[in-house]
Amino acid sequence: MRAVSFHRVFCGLALLGFGVVVAAQGQASFRSRADLVSVFATVTDADGKLVSDLTKDDFAVYDDGKRQAISVFSADVQPITVVVMLDRSGSVLEEADLMREAAGEFVKRLLPADRARIGNFSREIRLSPDQFTSDKTQLTTVLRDDLQGAGPSPIWTAVDRSITALLHESGRRVVLLLSDGVDAPLKDQVKTDVKDLMYRAQYDEIMVYTIGVPTEQSVPTTVFHADGRGHLRPGSAIGEKSIKPDANLKRLADESGGGYFELDPMRSLSSIFTRIADELHRQYWIGFAAGKLDRKAHKLEIKMLRPGLAARARKSYVADPDR
């Protein structure tokens, strides 16, 4: 797939208040941006492998259950603007070095037109550098020198700040979050409700990818010891129990059209980051004209017309004429 400058197209027309529509016939036309609903879809086969050779005729798009005519379709590589946000709380301390290395692998796989910032949260919520950049050396330096030590865990506020950082960017905007999902800010830190965050991701059209990191918790365990006569008698000891990541990590990814991955012994973190980079560069851009700009949330559904395929995309949009 050849690259197309999605950022340049939209930015060049922003002063006129228009967006571009790439028609299925290959001709370009224009329509009001408020009227255009853009969706990025990831398609996989029955084995979970990415499928990137489809056409417009393989997709059906539904707005509140009503099928819509597809006016935009592209299988070209679209540049991404991404915040990579890393959990630096004490609960994931054992995985801190692994997270840093895996994020570095993701940075290596960014394409020349992609731009990124690196975020991390603990006692502070940091985003570096000051502007989105394509400079991989600069991003790698941030990963090496600008990550905090262990501390509290203001997860949803960190994602909220990431969305704010992306608001004035054009094209595909992504937050990539690596965390156990245990939201535990200090009393003097802002606490963000995850439900409000999900609505904001929906309204501002930000795609969120999440990687859930299981944690270990010490728990009392009953053990049995043999006495001098060979009888077993109960005693106690401290064992470890694996705690699954918070379910809101998956909900946030599902609602926004991103993807959820969970770290487990059978899959390395670097391979997960590599898969996410691959997905982001092999998505389909689909658009249709909104029937009503009623400021309400509308249910979105992408269906595949070719058997054995499944599409993942955001599940709703807000029809706001002032966008």
# chains A, B, ... in the order shown; residues from 1 in each chain; ligands from 1

$ select_by_dssp --residues "stretch 27-244 of chain A" --states "strand (DSSP E or B)" --output "ChimeraX atom specification"
/A:28-32,36-44,50,59-63,66-68,72-74,77,80-87,89,115-121,125-133,151,153,172-179,184,207-212,215-226,232-243

$ closest_residue --among "A:Thr210, A:Ala69, A:Gln138, A:Arg323" --to "A:His168" --atoms "only C-alpha atoms"
A:Arg323

$ residues_around --residues "A:Val142" --least-positions-apart "2" --cutoff "9 Å" --atoms "only C-alpha atoms" --output "list of chain:residue names"
A:Arg117, A:Ile118, A:Ser128, A:Pro129, A:Thr137, A:Gln138, A:Leu139, A:Thr140, A:Arg144, A:Asp145, A:Asp146, A:Leu147

$ residues_around --residues "A:Ser162" --least-positions-apart "6" --cutoff "8 Å" --atoms "only C-alpha atoms" --output "PyMOL selection string"
chain A and resi 83+85+119+175

$ residues_around --residues "A:Val84" --least-positions-apart "3" --cutoff "12 Å" --atoms "only C-alpha atoms" --output "NGL selection string"
:A and (80-81 or 87 or 99-100 or 102-107 or 110 or 115-121 or 126-129 or 132 or 139-140 or 142-143 or 158-159 or 161-163 or 165-166 or 173-179 or 208-211 or 273 or 276-277)

$ write_last_selection --atoms "N, CA and C atoms" --output "compact mmCIF listing (two decimals), in the first residue's frame"
# COMPACT_ATOMS: atom_id res chain seq x y z
N ILE A 80 0.08 8.33 11.35
CA ILE A 80 -0.53 8.39 12.68
C ILE A 80 0.18 9.43 13.54
N THR A 81 -0.57 10.01 14.45
CA THR A 81 -0.02 10.85 15.51
C THR A 81 -0.37 10.16 16.82
N ASP A 87 2.73 3.38 32.26
CA ASP A 87 2.44 3.32 33.70
C ASP A 87 3.77 3.15 34.45
N MET A 99 8.80 -2.63 29.78
CA MET A 99 7.94 -1.64 29.15
C MET A 99 8.77 -0.65 28.33
N ARG A 100 9.87 -0.17 28.92
CA ARG A 100 10.72 0.78 28.24
C ARG A 100 11.27 0.20 26.93
N ALA A 102 10.10 -2.35 25.16
CA ALA A 102 9.04 -2.61 24.19
C ALA A 102 8.57 -1.33 23.52
N ALA A 103 8.46 -0.24 24.29
CA ALA A 103 8.09 1.05 23.70
C ALA A 103 9.14 1.49 22.69
N GLY A 104 10.39 1.18 22.97
CA GLY A 104 11.46 1.48 22.02
C GLY A 104 11.29 0.72 20.71
N GLU A 105 10.83 -0.53 20.80
CA GLU A 105 10.57 -1.30 19.59
C GLU A 105 9.44 -0.68 18.77
N PHE A 106 8.41 -0.15 19.46
CA PHE A 106 7.32 0.52 18.76
C PHE A 106 7.84 1.76 18.03
N VAL A 107 8.68 2.54 18.71
CA VAL A 107 9.24 3.75 18.10
C VAL A 107 10.02 3.38 16.83
N LEU A 110 7.83 3.11 13.70
CA LEU A 110 7.10 4.25 13.17
C LEU A 110 7.62 4.59 11.78
N ARG A 115 4.19 10.64 13.71
CA ARG A 115 4.74 11.52 14.75
C ARG A 115 4.28 11.01 16.12
N ALA A 116 5.10 11.24 17.13
CA ALA A 116 4.79 10.69 18.45
C ALA A 116 5.31 11.58 19.56
N ARG A 117 4.74 11.34 20.75
CA ARG A 117 5.28 11.85 22.02
C ARG A 117 5.24 10.70 23.00
N ILE A 118 6.15 10.71 23.96
CA ILE A 118 6.22 9.68 24.98
C ILE A 118 5.68 10.25 26.29
N GLY A 119 4.72 9.54 26.89
CA GLY A 119 4.16 9.97 28.17
C GLY A 119 4.44 8.93 29.25
N ASN A 120 4.47 9.38 30.49
CA ASN A 120 4.54 8.45 31.62
C ASN A 120 3.90 9.11 32.83
N PHE A 121 3.33 8.28 33.70
CA PHE A 121 2.64 8.83 34.86
C PHE A 121 3.03 8.11 36.14
N ARG A 126 3.74 13.24 32.62
CA ARG A 126 4.71 13.88 31.73
C ARG A 126 4.47 13.49 30.28
N LEU A 127 4.67 14.46 29.39
CA LEU A 127 4.62 14.23 27.95
C LEU A 127 5.85 14.89 27.33
N SER A 128 6.66 14.12 26.64
CA SER A 128 7.87 14.65 26.03
C SER A 128 8.04 14.06 24.63
N PRO A 129 8.66 14.83 23.73
CA PRO A 129 9.09 16.23 23.85
C PRO A 129 7.90 17.18 23.84
N PHE A 132 4.90 16.96 18.96
CA PHE A 132 4.97 15.67 18.29
C PHE A 132 6.12 15.70 17.28
N LEU A 139 12.87 10.55 20.52
CA LEU A 139 11.91 9.74 21.27
C LEU A 139 12.61 8.66 22.10
N THR A 140 13.65 8.07 21.54
CA THR A 140 14.42 7.05 22.27
C THR A 140 15.12 7.67 23.46
N VAL A 142 14.02 10.19 25.22
CA VAL A 142 12.99 10.37 26.25
C VAL A 142 12.78 9.07 27.02
N LEU A 143 12.68 7.96 26.31
CA LEU A 143 12.50 6.66 26.97
C LEU A 143 13.67 6.32 27.89
N ALA A 158 -4.15 10.47 33.05
CA ALA A 158 -3.05 10.44 32.08
C ALA A 158 -3.57 10.26 30.67
N VAL A 159 -4.58 9.40 30.49
CA VAL A 159 -5.17 9.22 29.16
C VAL A 159 -5.91 10.48 28.73
N ARG A 161 -5.17 13.55 29.55
CA ARG A 161 -4.16 14.52 29.12
C ARG A 161 -3.61 14.16 27.74
N SER A 162 -3.50 12.87 27.48
CA SER A 162 -3.02 12.43 26.17
C SER A 162 -3.99 12.85 25.07
N ILE A 163 -5.30 12.70 25.34
CA ILE A 163 -6.30 13.13 24.36
C ILE A 163 -6.22 14.63 24.13
N ALA A 165 -3.62 16.50 24.34
CA ALA A 165 -2.43 16.76 23.53
C ALA A 165 -2.68 16.51 22.05
N LEU A 166 -3.62 15.62 21.74
CA LEU A 166 -3.89 15.25 20.35
C LEU A 166 -4.96 16.10 19.68
N ARG A 173 -5.48 9.86 15.10
CA ARG A 173 -4.91 10.22 16.40
C ARG A 173 -5.09 9.05 17.35
N VAL A 174 -4.00 8.67 18.00
CA VAL A 174 -3.97 7.42 18.76
C VAL A 174 -3.32 7.63 20.12
N VAL A 175 -3.90 7.00 21.14
CA VAL A 175 -3.25 6.86 22.45
C VAL A 175 -2.93 5.38 22.64
N LEU A 176 -1.69 5.09 22.98
CA LEU A 176 -1.26 3.72 23.26
C LEU A 176 -0.88 3.66 24.74
N LEU A 177 -1.71 2.98 25.53
CA LEU A 177 -1.55 2.93 26.98
C LEU A 177 -1.07 1.57 27.44
N LEU A 178 -0.05 1.57 28.28
CA LEU A 178 0.47 0.33 28.87
C LEU A 178 0.32 0.43 30.37
N SER A 179 -0.55 -0.43 30.97
CA SER A 179 -0.88 -0.28 32.39
C SER A 179 -1.59 -1.52 32.91
N VAL A 208 -7.92 4.51 21.04
CA VAL A 208 -7.11 4.12 22.19
C VAL A 208 -6.77 2.64 22.11
N TYR A 209 -5.47 2.35 22.10
CA TYR A 209 -4.99 0.98 22.23
C TYR A 209 -4.50 0.79 23.66
N THR A 210 -4.84 -0.34 24.25
CA THR A 210 -4.41 -0.61 25.62
C THR A 210 -3.72 -1.97 25.72
N ILE A 211 -2.67 -2.00 26.52
CA ILE A 211 -1.98 -3.25 26.83
C ILE A 211 -2.09 -3.47 28.34
N PHE A 273 3.77 -4.80 20.91
CA PHE A 273 3.99 -3.47 20.34
C PHE A 273 4.18 -3.56 18.83
N ILE A 276 0.80 -3.97 17.19
CA ILE A 276 0.03 -2.73 17.18
C ILE A 276 0.54 -1.80 16.07
N ALA A 277 1.85 -1.68 15.94
CA ALA A 277 2.41 -0.84 14.87
C ALA A 277 1.97 -1.35 13.51

$ closest_residue --among "A:Ala253, A:Leu93, A:Met266, A:Arg295" --to "A:Asp322" --atoms "only C-alpha atoms"
A:Arg295

$ residues_around --residues "stretch 54-59 of chain A" --least-positions-apart "4" --cutoff "10 Å" --atoms "only C-alpha atoms" --output "JSON, numbers by chain"
{"A": [24, 41, 43, 70, 71, 72, 73, 74, 75, 284, 285, 286, 302, 303, 304, 305, 306, 307, 309, 311]}

$ write_last_selection --atoms "N, CA and C atoms" --output "PDB file, in the first residue's frame"
ATOM      1  N   ALA A  24     -14.998   6.355  -4.380  1.00  0.00           N
ATOM      2  CA  ALA A  24     -14.623   4.988  -4.746  1.00  0.00           C
ATOM      3  C   ALA A  24     -14.131   4.921  -6.189  1.00  0.00           C
ATOM      4  N   ALA A  41     -10.779   1.077  10.271  1.00  0.00           N
ATOM      5  CA  ALA A  41     -11.138  -0.301  10.599  1.00  0.00           C
ATOM      6  C   ALA A  41      -9.932  -1.228  10.444  1.00  0.00           C
ATOM      7  N   VAL A  43      -9.062  -5.208  10.016  1.00  0.00           N
ATOM      8  CA  VAL A  43      -9.750  -6.427   9.568  1.00  0.00           C
ATOM      9  C   VAL A  43      -8.823  -7.624   9.777  1.00  0.00           C
ATOM     10  N   ILE A  70     -20.969   4.324   1.293  1.00  0.00           N
ATOM     11  CA  ILE A  70     -19.578   4.663   1.598  1.00  0.00           C
ATOM     12  C   ILE A  70     -19.085   5.682   0.574  1.00  0.00           C
ATOM     13  N   SER A  71     -18.737   6.884   1.039  1.00  0.00           N
ATOM     14  CA  SER A  71     -18.268   7.943   0.140  1.00  0.00           C
ATOM     15  C   SER A  71     -16.757   8.116   0.205  1.00  0.00           C
ATOM     16  N   VAL A  72     -16.130   7.536   1.229  1.00  0.00           N
ATOM     17  CA  VAL A  72     -14.675   7.574   1.365  1.00  0.00           C
ATOM     18  C   VAL A  72     -14.186   6.149   1.569  1.00  0.00           C
ATOM     19  N   PHE A  73     -13.188   5.761   0.806  1.00  0.00           N
ATOM     20  CA  PHE A  73     -12.561   4.472   1.057  1.00  0.00           C
ATOM     21  C   PHE A  73     -11.111   4.530   0.616  1.00  0.00           C
ATOM     22  N   SER A  74     -10.223   4.113   1.497  1.00  0.00           N
ATOM     23  CA  SER A  74      -8.805   4.057   1.160  1.00  0.00           C
ATOM     24  C   SER A  74      -8.148   2.924   1.932  1.00  0.00           C
ATOM     25  N   ALA A  75      -7.310   2.168   1.232  1.00  0.00           N
ATOM     26  CA  ALA A  75      -6.490   1.147   1.866  1.00  0.00           C
ATOM     27  C   ALA A  75      -5.036   1.588   1.922  1.00  0.00           C
ATOM     28  N   TYR A 284      -8.104   0.365   7.258  1.00  0.00           N
ATOM     29  CA  TYR A 284      -8.884   0.928   6.163  1.00  0.00           C
ATOM     30  C   TYR A 284      -9.535   2.226   6.629  1.00  0.00           C
ATOM     31  N   TRP A 285      -9.493   3.227   5.769  1.00  0.00           N
ATOM     32  CA  TRP A 285     -10.163   4.499   6.045  1.00  0.00           C
ATOM     33  C   TRP A 285     -11.494   4.488   5.309  1.00  0.00           C
ATOM     34  N   ILE A 286     -12.581   4.553   6.072  1.00  0.00           N
ATOM     35  CA  ILE A 286     -13.932   4.491   5.520  1.00  0.00           C
ATOM     36  C   ILE A 286     -14.694   5.723   5.991  1.00  0.00           C
ATOM     37  N   ILE A 302     -19.538  -1.758  11.589  1.00  0.00           N
ATOM     38  CA  ILE A 302     -18.906  -2.158  10.337  1.00  0.00           C
ATOM     39  C   ILE A 302     -19.081  -3.666  10.191  1.00  0.00           C
ATOM     40  N   LYS A 303     -19.708  -4.090   9.094  1.00  0.00           N
ATOM     41  CA  LYS A 303     -19.882  -5.512   8.836  1.00  0.00           C
ATOM     42  C   LYS A 303     -19.072  -5.911   7.607  1.00  0.00           C
ATOM     43  N   MET A 304     -18.516  -7.113   7.670  1.00  0.00           N
ATOM     44  CA  MET A 304     -17.754  -7.638   6.549  1.00  0.00           C
ATOM     45  C   MET A 304     -18.658  -8.496   5.678  1.00  0.00           C
ATOM     46  N   LEU A 305     -18.603  -8.274   4.371  1.00  0.00           N
ATOM     47  CA  LEU A 305     -19.441  -9.016   3.444  1.00  0.00           C
ATOM     48  C   LEU A 305     -18.741 -10.250   2.895  1.00  0.00           C
ATOM     49  N   ARG A 306     -17.445 -10.367   3.194  1.00  0.00           N
ATOM     50  CA  ARG A 306     -16.710 -11.564   2.793  1.00  0.00           C
ATOM     51  C   ARG A 306     -16.672 -12.519   3.983  1.00  0.00           C
ATOM     52  N   PRO A 307     -17.090 -13.783   3.817  1.00  0.00           N
ATOM     53  CA  PRO A 307     -17.131 -14.729   4.948  1.00  0.00           C
ATOM     54  C   PRO A 307     -15.762 -14.927   5.584  1.00  0.00           C
ATOM     55  N   LEU A 309     -14.235 -13.046   7.827  1.00  0.00           N
ATOM     56  CA  LEU A 309     -13.497 -11.854   8.214  1.00  0.00           C
ATOM     57  C   LEU A 309     -14.247 -11.100   9.306  1.00  0.00           C
ATOM     58  N   ALA A 311     -14.219  -7.145  11.431  1.00  0.00           N
ATOM     59  CA  ALA A 311     -13.706  -5.779  11.470  1.00  0.00           C
ATOM     60  C   ALA A 311     -13.778  -5.234  12.884  1.00  0.00           C
TER      61      ALA A 311
END

$ closest_residue --among "A:Val190, A:Val182, A:Leu280, A:Ala297" --to "A:Asp76" --atoms "only C-alpha atoms"
A:Leu280

$ atom_distance --atom1 "atom CA of A:Gly212" --atom2 "atom CA of A:Pro245"
5.3 Å

$ select_by_dssp --residues "stretch 152-304 of chain A" --states "helix (DSSP H, G or I)" --output "ChimeraX atom specification"
/A:155-166,194-204,248-256,269-280

$ closest_residue --among "A:Gly308, A:Gln189, A:Ala201, A:Val61" --to "A:Asp45" --atoms "only C-alpha atoms"
A:Gly308

$ atom_distance --atom1 "atom CA of A:Pro112" --atom2 "atom CA of A:Thr133"
9.9 Å

$ atom_distance --atom1 "atom CA of A:Ala184" --atom2 "atom CA of A:Glu124"
12.8 Å

$ closest_residue --among "A:Gly181, A:Gly48, A:Gly90, A:Gly171" --to "A:Ala150" --atoms "only C-alpha atoms"
A:Gly90
